[in-house]
Amino acid sequence: MELSRRTFSALAGTAALGLALTGSGGVPSRAHGARTAPTGPPPAPPSADGARHVVDFDRYSLLVDGRRLALWSGEMHPFRLPSPSLWRDVLQKMRAHGFNAVSVHVSWNYHSPAPGRYDFSGVRDLDLFLRTAAETGLYVVLRPGPYINGEVDGGGFPGWLTATRGHARTADPTYLRYVDEWLTAVDEIAVRHQFTRGTGTVLLYQIENEYAAYVDEPTGREYMAHLYGKVRADGIDVPLFHNDKGRNGYWVPGSFSTGGGKGRWLYGFDGYPSPDEVPPDWGYFGPGGPRGGASASPRTPGFMPEFGGGWFDAWGGATFDGKGYAQARRTRDAAYERRFCLTNLANGITLHNTYMTFGGTSWGWLPAPAVYTSYDYGAAIDEARNATPKLAPMHQIGQMLRYVPDLAKLDRAKGVRVSDEGLKVYHLTNPDTGSHVYVVRNDSDGEVTTTLPGTGIDVPVTVPPRDATLMTTDLELGHRKLAYSTVQPMVSMPVGRQDIAVFTGRRGEMARVVLDCPGEPHATRLDAEPAWVYEDGLLRVNAPLGAGGLSRVLVESPDVDTPMLLLFTDDAGALRMWPYETPSGPLLVYGPALLRSATLSGATVHLAGDTIGETGLEVWAPRGITHVTWNGRPVRTRLTRAGSLVIVGVLPGVPRPALPALDGWRRRTENPESAPDFDDSDWTVADRTTSFSTTRVPDGQPVLFADDYGFHYGDVWYRGRLTDARDMESVSLAYSTGTQGLLMAWLDGRPLGTHRMPVPDKDSVGQGTWTATAAFAVPERLRERDTHVLSVLVRRMQHDQDGGARDTHKAARGLTEATFKGASAKVSWRLQGAGAPDPVRGPLNNGGLYGEREGWHLPDHDDDGWDAVEFPRAGRRQGVAWYRTAFRLGVDPGVDASVGLTLDDDPDRAYRVQIFLNGWNMGQYINDVGPQHTFVLPNGILRTRGRNTLALAVLSDGSTPSGPRDVRLTLLGAAAGGVPVEPVDD
Ligand code: GAL
C-alpha cells in the first residue's frame with residue numbers, strides 16, 4: 001500500500017490509526033533542522049589489523065584513534081569453560097548480541113601448580129583465547145589480579161601461596177616477588193595482544209580487584225604503585241584501571257604513584273544492586289561530591305568494570321531459596337537489566353561490563369567455599385551456552401551504543417517534571433549534535449502512562465511496571481532527522497541503497513516514531529500493522545509491536561535521495577535481528593536464532609549461524625548481493641520491496657538429538673587407607689613445627705595442615721600411629737575446611753564415624769574459616785590395645801577468598817589438632833593428598849582419594865575386574881566407592897547439542913559424588929545439600945560423536961543408605977549450527 005499527501009493509512013479504526021490521530025493534535029511547532037550529513041557506518045569491529053592504535057579517553061568516554069567508543073562489555077571466564085573451541089561459541093554469541101568487548105579475570109591458581117611454574121597450554125591457553133576474541137571482533141578487558149576474588153579457590157591465589165611467608169595484597173616484598181612472577185608470565189602473553197600494537201584487541205587492563213583494605217595506608221599505595229610499575233615495565237601500554245568495590249572514590253587518579261611515566265589510569269567502580277532497590281544514580285544524577293561514583297573522578301569517564309548480570313548461589317541454595325540459578329534469572333530478568341543499565345547509561349557510564357554474561361562452570365576444585373560447581377550466575381547466556389530472554393535489553397542497548405554514537409557523549413540536561421508516582425525521567429543531551437535522550441523509568445508496580453512536557457514528545461508514553469525505556473529527540477538517522485521516538489533506537493545504518501533504522505520496545509506497545517520531513521514523503525507500508533500521518537513537515541509513524549514480528553515502513557522523500565526503511569520489533573524480534581559489518585558495508589539479517597558471521601564473495605553473501613526452530617530469513621545486504629547461503633547451503637530468495645532478500649520457504653529447525661540411557665555400571669570400593677596394615681611408607685611424614693598459615697599450630701603438636709605439605713586441592717588422608725594408648729576413651733580431631741567439608745575416621749580399620757562441618761549461618765557465608773572438632777568414642781573392645789592406627793579422610797573443600805587482605809586464604813585446610821582422652825597416647829602422623837598435578841587437566845582437577853591417585857577416573861583405566869552393578873543402589877558403608885560406565889553419542893555434526901549429567905535421589909541420603917567425564921572433574925554433587933542436580937558436560941571434553949567414560953567417586957557418610965539412584969544424561973539445549981569443536985585432550 002502506498003500513500004502520500006496528507007493521506008492516512010487505510011487502517012481506519014485500528015489502534016494504530018487511533019493513536020496516530022491522538023498524537024496529531026497540539027503538535028508544538030518544530031524548526032526543521034537543515035539536513036545534516038549522515039553519520040555513516042560504524043567503524044569496523046576491532047581485529048588484529050596490524051595497525052597502531054591510540055587508546056585514550058576524556059571525561060565522556062574512551063577515545064580510540066580519536067573516535068568515541070562506548071564500551072559494552074560482557075564478562076566470561078575462560079577457566080570456567082574448559083573447552084577452547086567453545087570460547088569461540090560464547091564470544092560469537094556475545095558479539096552478535098551487541099557486546100563489543102569481553103572482560104576476563106585470569107586466575108593465577110589455574111595456571112600455576114607450583115612456585116615458578118606457569119602453564120598456558122591446552123584449556124589454559126590464554127593466547128588462544130585472546131586470538132579468538134580478536135577474530136570475533138571483540139575488545140578485551142584483561143583482569144589478571146593478582147587477586148581476583150571471582151568465587152574461585154583462594155580468590156585466585158594459588159594453593160602454594162598459602163604456604164609462603166608474606167602478607168598478601170600488601171607491599172610485603174616476599175609476596176610481591178611471587179606476584180611479579182605471575183605478572184611476568186601473564187604479561188608476556190598480554191603484551192602481544194594489545195590493540196595499541198594492532199596485534200590483538202586488549203584494550204584495557206585491570207590491576208588488583210576491589211582492593212579496599214589498605215586504601216589510606218602506605219602499604220596499600222605502595223602495593224598499587226608496584227603493580228602499576230610492574231605492568232608498565234612489562235610493556236603493557238593500554239590504559240590501566242582498578243575496580244573500586246563500591247562508589248567510594250578509591251584509587252582515583254593521583255591516589256598512588258604511577259611513577260610519572262606515560263600511560264593512562266582510569267577510575268572504575270563495581271555495583272551489584274538488589275532487584276528490590278530503586279536503581280541508584282552512580283554518576284551525573286548522584287549526590288555528587290568526591291565520593292559520588294562516576295563523579296569521584298571528574299576527568300575520567302563513568303566506568304563500571306562490574307555490573308551485576310546476575311548473582312552467585314551458595315551450597316544448599318541459600319541465596320535463591322533453594323531454587324538455584326533459574327530463580328536468579330527470574331529476579332534479575334530482562335526488565336531488571338534494562339532499568340539498571342539504562343540508569344547507568346543516563347548517569348554517564350559509557351564503559352560498562354556485565355558480570356557475568358556467561359558464568360560457566362567452577363569445575364574441579366575451582367569454586368570458592370561460597371559457591372557450588374555451577375557458576376551459571378543467572379547470566380544472560382546460561383551455563384549450557386543458551387541465549388536467554390534477558391539478553392534482549394543487552395542486545396538492544398549494545399547495538400544502540402554501536403549505531404547511535406550520540407550516546408557516547410552526553411551531558412545532563414534540564415529536568416523534566418512528571419507527577420506520576422514512581423516515575424523518574426533522566427534528560428541528557430549530546431552537546432555536539434544537539435540530540436536529546438530521555439530515560440524514563442517506572443519504579444512502581446503498575447504500568448504508567450504519562451506525558452513528557454517540554455521534551456517535544458507530544459504523545460503520552462507508557463512504561464511497564466519496574467521497567468524503563470529510552471527515548472530520543474532530534475537525532476540524526478541516516479540522511480534524515482528523527483524528531484522523536486518513544487521507543488529505543490537499536491540500529492541505524494546504511495544498507496545497500498537505503499538507510500535502515502530499527503526501533504524496539506515491549507510486546508504490545510505502540511511505537512511512535514516521528515521524522516522531520518520538510519518535503520512531503522512517500523511512505524509505503526510493507527506490513528499490515530503500521531500507520532502514519534504527514535502534517536506540518538512531520539511524518540508520524542505508529543506501529544504496534546507484535547509478538548516477535550517485524551513491521552516495515554519505507555519512506556521516500558523528494559528532497560532526500562536515499563530512502564529510509566523503518567523497522568519495528570519487540571524484545572523477541574530484536575533477539576533475531578542481526579546487524580553485521582562487512583568490508584563492503586553493513587548488512588542486516590532477520591530470522592535465525594543467531595548470526596555468527598557473514599562473508600561476501602562476488603554476488604553471494606555466505607551466512608553462518610544457528611537455528612533452533614524453523615524460521616524465515618530476511619537479508620538486507622550491500623549493493624550487488626543477489627544470492628545467499630546459510631551454513632554453506634544456497635537458499636532460494638526473492639527480492640522484496642523492503643530492499644531485502646527473503647527466503648522462499650524456511651530454514652529448518654534442529655532435530656532433537658537422542659541421548660542414551662546410562663547403564664553397564666561397574667563398581668569398586670576403595671579407602672584401603674583405613675586398614676591398619678595399609679602401606680603408607682611413601683606418605684609424607686607430618687614433621688613440621690611452624691607454618692605460615694593464619695591458623696595457630698597447637699602447642700606440642702606437629703603441623704597437620706595439608707597445604708604445608710604441598711597438598712592444596714581436594715581430599716587428604718592422614719594416618720596416625722598411636723602408642724601408649726591403652727584405655728583411650730575418645731579421639732577428638734579438630735579440622736578446618738571450606739563449607740560442606742567433612743571428616744571420616746577409622747580406628748584399626750573400624751569406622752569411628754563421619755563428622756560434617758557445620759554450615760555457617762547465611763550472614764557469615766564467605767567469611768568463616770570453618771573449623772570444628774569431631775569427637776569419636778573409642779569402641780569398648782579396642783580400648784585395651786596399646787597401639788592403634790587412626791585413619792582420617794578429610795574432604796577439605798576450598799581455601800577462603802581473601803577479600804579483606806587478611807591472608808584468609810592461608811587458613812588451614814585438613815586436620816589441625818588431635819587429642820585423646822583417657823590415655824596419654826603419643827601419635828606420629830603421615831599424610832597423603834593429590835599426586836603430581838594432571839599435566840593436561842591442571843592442578844585443580846584432582847584431590848587425594850585412592851582412586852584418583854591410582855587413575856580410576858581416567859578413561860583408559862581398566863575396570864574389567866570391577867563388579868557389574870545396576871542403579872538404583874542403596875548400600876550403607878562409610879567410605880569411598882567408585883562407579884564407572886561408558887556411553888556413546890552420535891550427535892549430527894551440524895548440531896550443537898548441550899548435554900548435562902543429572903543425579904537424583906532421596907534427599908535424606910548422606911553422600912556426595914565427584915563426577916569425572918573422560919577424566920575431567922566436572923563437579924561435586926552433594927545429595928543431601930544441593931541445590932545442583934544437573935552438571936554441564938562441555939562439548940570437547942564430551943565427545944558428541946564417540947565414546948565417553950564416566951566415573952563417579954562416591955563418598956558416603958555411612959549414616960544412611962547411599963545411592964546413586966538415578967543418573968542420566970539431560971539435553972540442555974540444541975541448535976542447528978554451532979562451532980566446530982576440537983576434542984579436548986584426555
Ligand atoms: C566482585 C568481584 C568479582 C566477583 C563478584 C561477585 O566483588 O570483583 O570477582 O567476586 O564480586 O560475583
# chains A, B, ... in the order shown; residues from 1 in each chain; ligands from 1
>>> residues_near_ligand(ligand="ligand 1", cutoff="10 Å", atoms="only C-alpha atoms and all ligand atoms", output="ChimeraX atom specification")
/A:104-105,143,145,147-152,155-156,208-211,243-246,269-272,305-313,355-356,359,368,370-371,375,377,801,803
>>> select_by_dssp(residues="range 282-478 of chain A", states="helix (DSSP H, G or I)", output="ChimeraX atom specification")
/A:293-296,315-317,324-331,334-346,391-403,405-408
>>> write_last_selection(atoms="N, CA and C atoms", output="tab-separated table (two decimals), in the first residue's frame")
chain	number	residue	atom	x	y	z
A	293	GLY	N	30.62	8.39	43.12
A	293	GLY	CA	30.56	7.47	41.99
A	293	GLY	C	31.34	7.98	40.83
A	294	ALA	N	30.70	7.95	39.65
A	294	ALA	CA	31.43	8.37	38.45
A	294	ALA	C	32.01	9.76	38.66
A	295	SER	N	31.33	10.58	39.44
A	295	SER	CA	31.81	11.94	39.65
A	295	SER	C	33.00	11.99	40.60
A	296	ALA	N	33.37	10.86	41.20
A	296	ALA	CA	34.55	10.85	42.07
A	296	ALA	C	35.82	11.15	41.28
A	315	TRP	N	25.99	-23.22	48.48
A	315	TRP	CA	25.59	-24.59	48.80
A	315	TRP	C	24.26	-24.57	49.54
A	316	GLY	N	23.43	-25.52	49.22
A	316	GLY	CA	22.13	-25.58	49.86
A	316	GLY	C	21.15	-24.60	49.23
A	317	GLY	N	21.62	-23.84	48.28
A	317	GLY	CA	20.73	-22.90	47.59
A	317	GLY	C	20.35	-21.72	48.45
A	324	GLY	N	17.86	-22.23	43.01
A	324	GLY	CA	19.01	-22.22	42.11
A	324	GLY	C	18.99	-21.05	41.13
A	325	TYR	N	19.76	-21.25	40.06
A	325	TYR	CA	20.00	-20.13	39.15
A	325	TYR	C	18.79	-19.76	38.30
A	326	ALA	N	17.83	-20.67	38.19
A	326	ALA	CA	16.61	-20.27	37.46
A	326	ALA	C	15.97	-19.09	38.20
A	327	GLN	N	16.07	-19.13	39.51
A	327	GLN	CA	15.49	-18.05	40.31
A	327	GLN	C	16.32	-16.77	40.17
A	328	ALA	N	17.63	-16.92	40.05
A	328	ALA	CA	18.47	-15.74	39.83
A	328	ALA	C	18.05	-15.06	38.54
A	329	ARG	N	17.72	-15.87	37.55
A	329	ARG	CA	17.35	-15.31	36.25
A	329	ARG	C	15.95	-14.71	36.29
A	330	ARG	N	15.12	-15.23	37.20
A	330	ARG	CA	13.78	-14.63	37.35
A	330	ARG	C	13.84	-13.29	38.07
A	331	THR	N	14.67	-13.23	39.13
A	331	THR	CA	14.70	-11.99	39.92
A	331	THR	C	15.54	-10.91	39.22
A	334	ALA	N	15.04	-9.57	32.35
A	334	ALA	CA	15.27	-8.56	31.31
A	334	ALA	C	14.93	-7.17	31.82
A	335	ALA	N	13.81	-7.04	32.51
A	335	ALA	CA	13.39	-5.71	32.98
A	335	ALA	C	14.37	-5.17	34.01
A	336	TYR	N	14.89	-6.06	34.86
A	336	TYR	CA	15.91	-5.65	35.84
A	336	TYR	C	17.13	-5.07	35.11
A	337	GLU	N	17.65	-5.84	34.16
A	337	GLU	CA	18.85	-5.38	33.45
A	337	GLU	C	18.56	-4.07	32.73
A	338	ARG	N	17.37	-3.97	32.16
A	338	ARG	CA	17.05	-2.78	31.38
A	338	ARG	C	16.99	-1.55	32.28
A	339	ARG	N	16.29	-1.68	33.43
A	339	ARG	CA	16.13	-0.45	34.20
A	339	ARG	C	17.42	-0.04	34.91
A	340	PHE	N	18.23	-1.01	35.27
A	340	PHE	CA	19.51	-0.64	35.89
A	340	PHE	C	20.51	-0.17	34.83
A	341	CYS	N	20.59	-0.87	33.73
A	341	CYS	CA	21.60	-0.49	32.71
A	341	CYS	C	21.27	0.86	32.09
A	342	LEU	N	20.00	1.11	31.82
A	342	LEU	CA	19.65	2.43	31.25
A	342	LEU	C	19.91	3.52	32.27
A	343	THR	N	19.71	3.21	33.55
A	343	THR	CA	20.02	4.20	34.59
A	343	THR	C	21.52	4.47	34.60
A	344	ASN	N	22.31	3.43	34.48
A	344	ASN	CA	23.76	3.62	34.42
A	344	ASN	C	24.15	4.51	33.23
A	345	LEU	N	23.55	4.21	32.11
A	345	LEU	CA	23.84	5.00	30.91
A	345	LEU	C	23.46	6.46	31.13
A	346	ALA	N	22.30	6.68	31.72
A	346	ALA	CA	21.85	8.05	31.99
A	346	ALA	C	22.81	8.76	32.93
A	391	LEU	N	18.83	-11.54	27.48
A	391	LEU	CA	19.77	-10.91	26.54
A	391	LEU	C	19.13	-9.74	25.80
A	392	ALA	N	17.78	-9.71	25.77
A	392	ALA	CA	17.11	-8.69	24.94
A	392	ALA	C	17.59	-7.27	25.27
A	393	PRO	N	17.53	-6.82	26.54
A	393	PRO	CA	17.97	-5.45	26.79
A	393	PRO	C	19.45	-5.24	26.49
A	394	MET	N	20.26	-6.27	26.74
A	394	MET	CA	21.70	-6.11	26.49
A	394	MET	C	21.96	-6.00	25.00
A	395	HIS	N	21.26	-6.81	24.24
A	395	HIS	CA	21.35	-6.79	22.78
A	395	HIS	C	20.90	-5.41	22.26
A	396	GLN	N	19.76	-4.96	22.74
A	396	GLN	CA	19.23	-3.69	22.24
A	396	GLN	C	20.13	-2.52	22.61
A	397	ILE	N	20.62	-2.52	23.85
A	397	ILE	CA	21.47	-1.40	24.28
A	397	ILE	C	22.81	-1.47	23.56
A	398	GLY	N	23.37	-2.67	23.47
A	398	GLY	CA	24.67	-2.83	22.82
A	398	GLY	C	24.64	-2.36	21.37
A	399	GLN	N	23.62	-2.80	20.64
A	399	GLN	CA	23.53	-2.36	19.23
A	399	GLN	C	23.31	-0.85	19.19
A	400	MET	N	22.49	-0.34	20.07
A	400	MET	CA	22.21	1.10	20.08
A	400	MET	C	23.50	1.89	20.31
A	401	LEU	N	24.31	1.44	21.25
A	401	LEU	CA	25.55	2.17	21.52
A	401	LEU	C	26.47	2.15	20.31
A	402	ARG	N	26.38	1.06	19.54
A	402	ARG	CA	27.24	0.96	18.37
A	402	ARG	C	26.72	1.86	17.23
A	403	TYR	N	25.41	1.90	17.08
A	403	TYR	CA	24.86	2.58	15.89
A	403	TYR	C	24.34	3.99	16.16
A	405	PRO	N	25.98	6.92	17.83
A	405	PRO	CA	27.20	7.38	18.51
A	405	PRO	C	26.94	8.54	19.47
A	406	ASP	N	25.82	9.22	19.32
A	406	ASP	CA	25.50	10.34	20.22
A	406	ASP	C	25.57	9.91	21.69
A	407	LEU	N	25.31	8.64	21.95
A	407	LEU	CA	25.19	8.20	23.34
A	407	LEU	C	26.53	8.14	24.07
A	408	ALA	N	27.62	8.24	23.33
A	408	ALA	CA	28.93	8.18	23.99
A	408	ALA	C	29.34	9.55	24.54
>>> closest_atom_pairs(of="range 62-101 of chain A", to="range 915-928 of chain A", cutoff="12 Å", atoms="only C-alpha atoms", output="CSV")
residue,atom,partner,partner_atom,distance
A:Arg80,CA,A:Met922,CA,10.6
A:Leu81,CA,A:Met922,CA,10.6
A:Pro82,CA,A:Trp920,CA,9.3
A:Ser83,CA,A:Trp920,CA,11.1
>>> residues_around(residues="range 946-960 of chain A", least_positions_apart="6", cutoff="6 Å", atoms="only C-alpha atoms", output="list in words")
Thr754, His857, Pro859, Arg876, Arg877, Gln878, Gly879, Val880, Ala881, Trp882, Tyr883, Arg884, Thr885, Ala886, Phe887, Arg888, Leu889, Arg909, Ala910, Tyr911, Arg912, Val913, Gln914, Ile915, Phe916, Leu917 and Asn918 of chain A
>>> write_last_selection(atoms="N, CA, C and O atoms", output="CSV table (one decimal), in the first residue's frame")
chain,number,residue,atom,x,y,z
A,754,THR,N,31.5,-40.3,60.9
A,754,THR,CA,31.7,-39.2,60.0
A,754,THR,C,31.3,-37.9,60.7
A,754,THR,O,30.2,-37.9,61.3
A,857,HIS,N,39.8,-42.5,37.7
A,857,HIS,CA,38.9,-41.5,37.0
A,857,HIS,C,39.3,-41.4,35.5
A,857,HIS,O,38.5,-40.8,34.7
A,859,PRO,N,40.0,-42.2,31.5
A,859,PRO,CA,39.2,-43.0,30.6
A,859,PRO,C,39.8,-44.4,30.3
A,859,PRO,O,39.1,-45.4,30.1
A,876,ARG,N,25.0,-49.3,52.5
A,876,ARG,CA,25.3,-48.4,53.7
A,876,ARG,C,26.8,-48.7,54.1
A,876,ARG,O,27.1,-49.9,54.5
A,877,ARG,N,27.6,-47.8,53.9
A,877,ARG,CA,29.0,-48.0,54.2
A,877,ARG,C,29.7,-46.7,54.3
A,877,ARG,O,29.5,-45.8,53.5
A,878,GLN,N,30.5,-46.5,55.3
A,878,GLN,CA,31.3,-45.3,55.4
A,878,GLN,C,32.6,-45.5,54.6
A,878,GLN,O,33.3,-46.4,54.7
A,879,GLY,N,32.7,-44.5,53.6
A,879,GLY,CA,33.9,-44.6,52.8
A,879,GLY,C,33.7,-44.2,51.4
A,879,GLY,O,32.7,-43.5,51.0
A,880,VAL,N,34.5,-44.7,50.5
A,880,VAL,CA,34.5,-44.3,49.1
A,880,VAL,C,34.3,-45.5,48.2
A,880,VAL,O,34.9,-46.5,48.3
A,881,ALA,N,33.4,-45.3,47.3
A,881,ALA,CA,33.1,-46.3,46.2
A,881,ALA,C,33.1,-45.6,44.9
A,881,ALA,O,32.6,-44.5,44.8
A,882,TRP,N,33.6,-46.3,43.9
A,882,TRP,CA,33.6,-45.7,42.5
A,882,TRP,C,32.7,-46.5,41.6
A,882,TRP,O,32.5,-47.7,41.7
A,883,TYR,N,32.1,-45.8,40.7
A,883,TYR,CA,31.2,-46.4,39.7
A,883,TYR,C,31.7,-45.9,38.3
A,883,TYR,O,32.0,-44.7,38.2
A,884,ARG,N,31.8,-46.8,37.4
A,884,ARG,CA,32.2,-46.4,36.0
A,884,ARG,C,31.3,-47.0,35.0
A,884,ARG,O,30.8,-48.1,35.1
A,885,THR,N,31.1,-46.2,33.9
A,885,THR,CA,30.5,-46.7,32.7
A,885,THR,C,31.0,-46.0,31.5
A,885,THR,O,31.6,-45.0,31.7
A,886,ALA,N,30.6,-46.5,30.4
A,886,ALA,CA,30.9,-45.8,29.1
A,886,ALA,C,29.7,-45.6,28.3
A,886,ALA,O,28.7,-46.4,28.5
A,887,PHE,N,29.6,-44.6,27.5
A,887,PHE,CA,28.5,-44.4,26.6
A,887,PHE,C,28.9,-43.8,25.4
A,887,PHE,O,30.0,-43.1,25.3
A,888,ARG,N,28.1,-44.0,24.3
A,888,ARG,CA,28.5,-43.4,23.0
A,888,ARG,C,27.4,-42.4,22.6
A,888,ARG,O,26.2,-42.5,22.9
A,889,LEU,N,27.9,-41.3,22.0
A,889,LEU,CA,27.0,-40.3,21.5
A,889,LEU,C,27.2,-40.2,19.9
A,889,LEU,O,28.3,-40.5,19.5
A,909,ARG,N,19.6,-38.9,51.9
A,909,ARG,CA,20.7,-39.8,51.9
A,909,ARG,C,22.0,-39.0,51.9
A,909,ARG,O,22.2,-38.1,51.0
A,910,ALA,N,22.9,-39.4,52.8
A,910,ALA,CA,24.1,-38.6,53.1
A,910,ALA,C,25.3,-39.1,52.3
A,910,ALA,O,26.0,-39.9,52.7
A,911,TYR,N,25.3,-38.6,51.0
A,911,TYR,CA,26.5,-39.0,50.2
A,911,TYR,C,26.8,-37.9,49.2
A,911,TYR,O,25.9,-37.0,48.9
A,912,ARG,N,27.9,-37.9,48.7
A,912,ARG,CA,28.3,-36.9,47.7
A,912,ARG,C,29.1,-37.6,46.5
A,912,ARG,O,29.7,-38.7,46.8
A,913,VAL,N,29.1,-37.0,45.4
A,913,VAL,CA,29.7,-37.6,44.2
A,913,VAL,C,30.6,-36.6,43.5
A,913,VAL,O,30.2,-35.5,43.3
A,914,GLN,N,31.8,-37.0,43.2
A,914,GLN,CA,32.6,-36.3,42.2
A,914,GLN,C,32.5,-36.9,40.9
A,914,GLN,O,32.6,-38.1,40.7
A,915,ILE,N,32.2,-36.0,39.9
A,915,ILE,CA,31.8,-36.5,38.6
A,915,ILE,C,33.0,-36.4,37.7
A,915,ILE,O,33.5,-35.2,37.4
A,916,PHE,N,33.5,-37.5,37.1
A,916,PHE,CA,34.6,-37.4,36.2
A,916,PHE,C,34.1,-37.8,34.8
A,916,PHE,O,33.7,-39.0,34.6
A,917,LEU,N,34.3,-36.9,33.8
A,917,LEU,CA,33.9,-37.3,32.5
A,917,LEU,C,35.2,-37.3,31.7
A,917,LEU,O,36.0,-36.3,31.6
A,918,ASN,N,35.5,-38.5,31.2
A,918,ASN,CA,36.8,-38.7,30.4
A,918,ASN,C,38.0,-38.2,31.2
A,918,ASN,O,38.9,-37.6,30.7
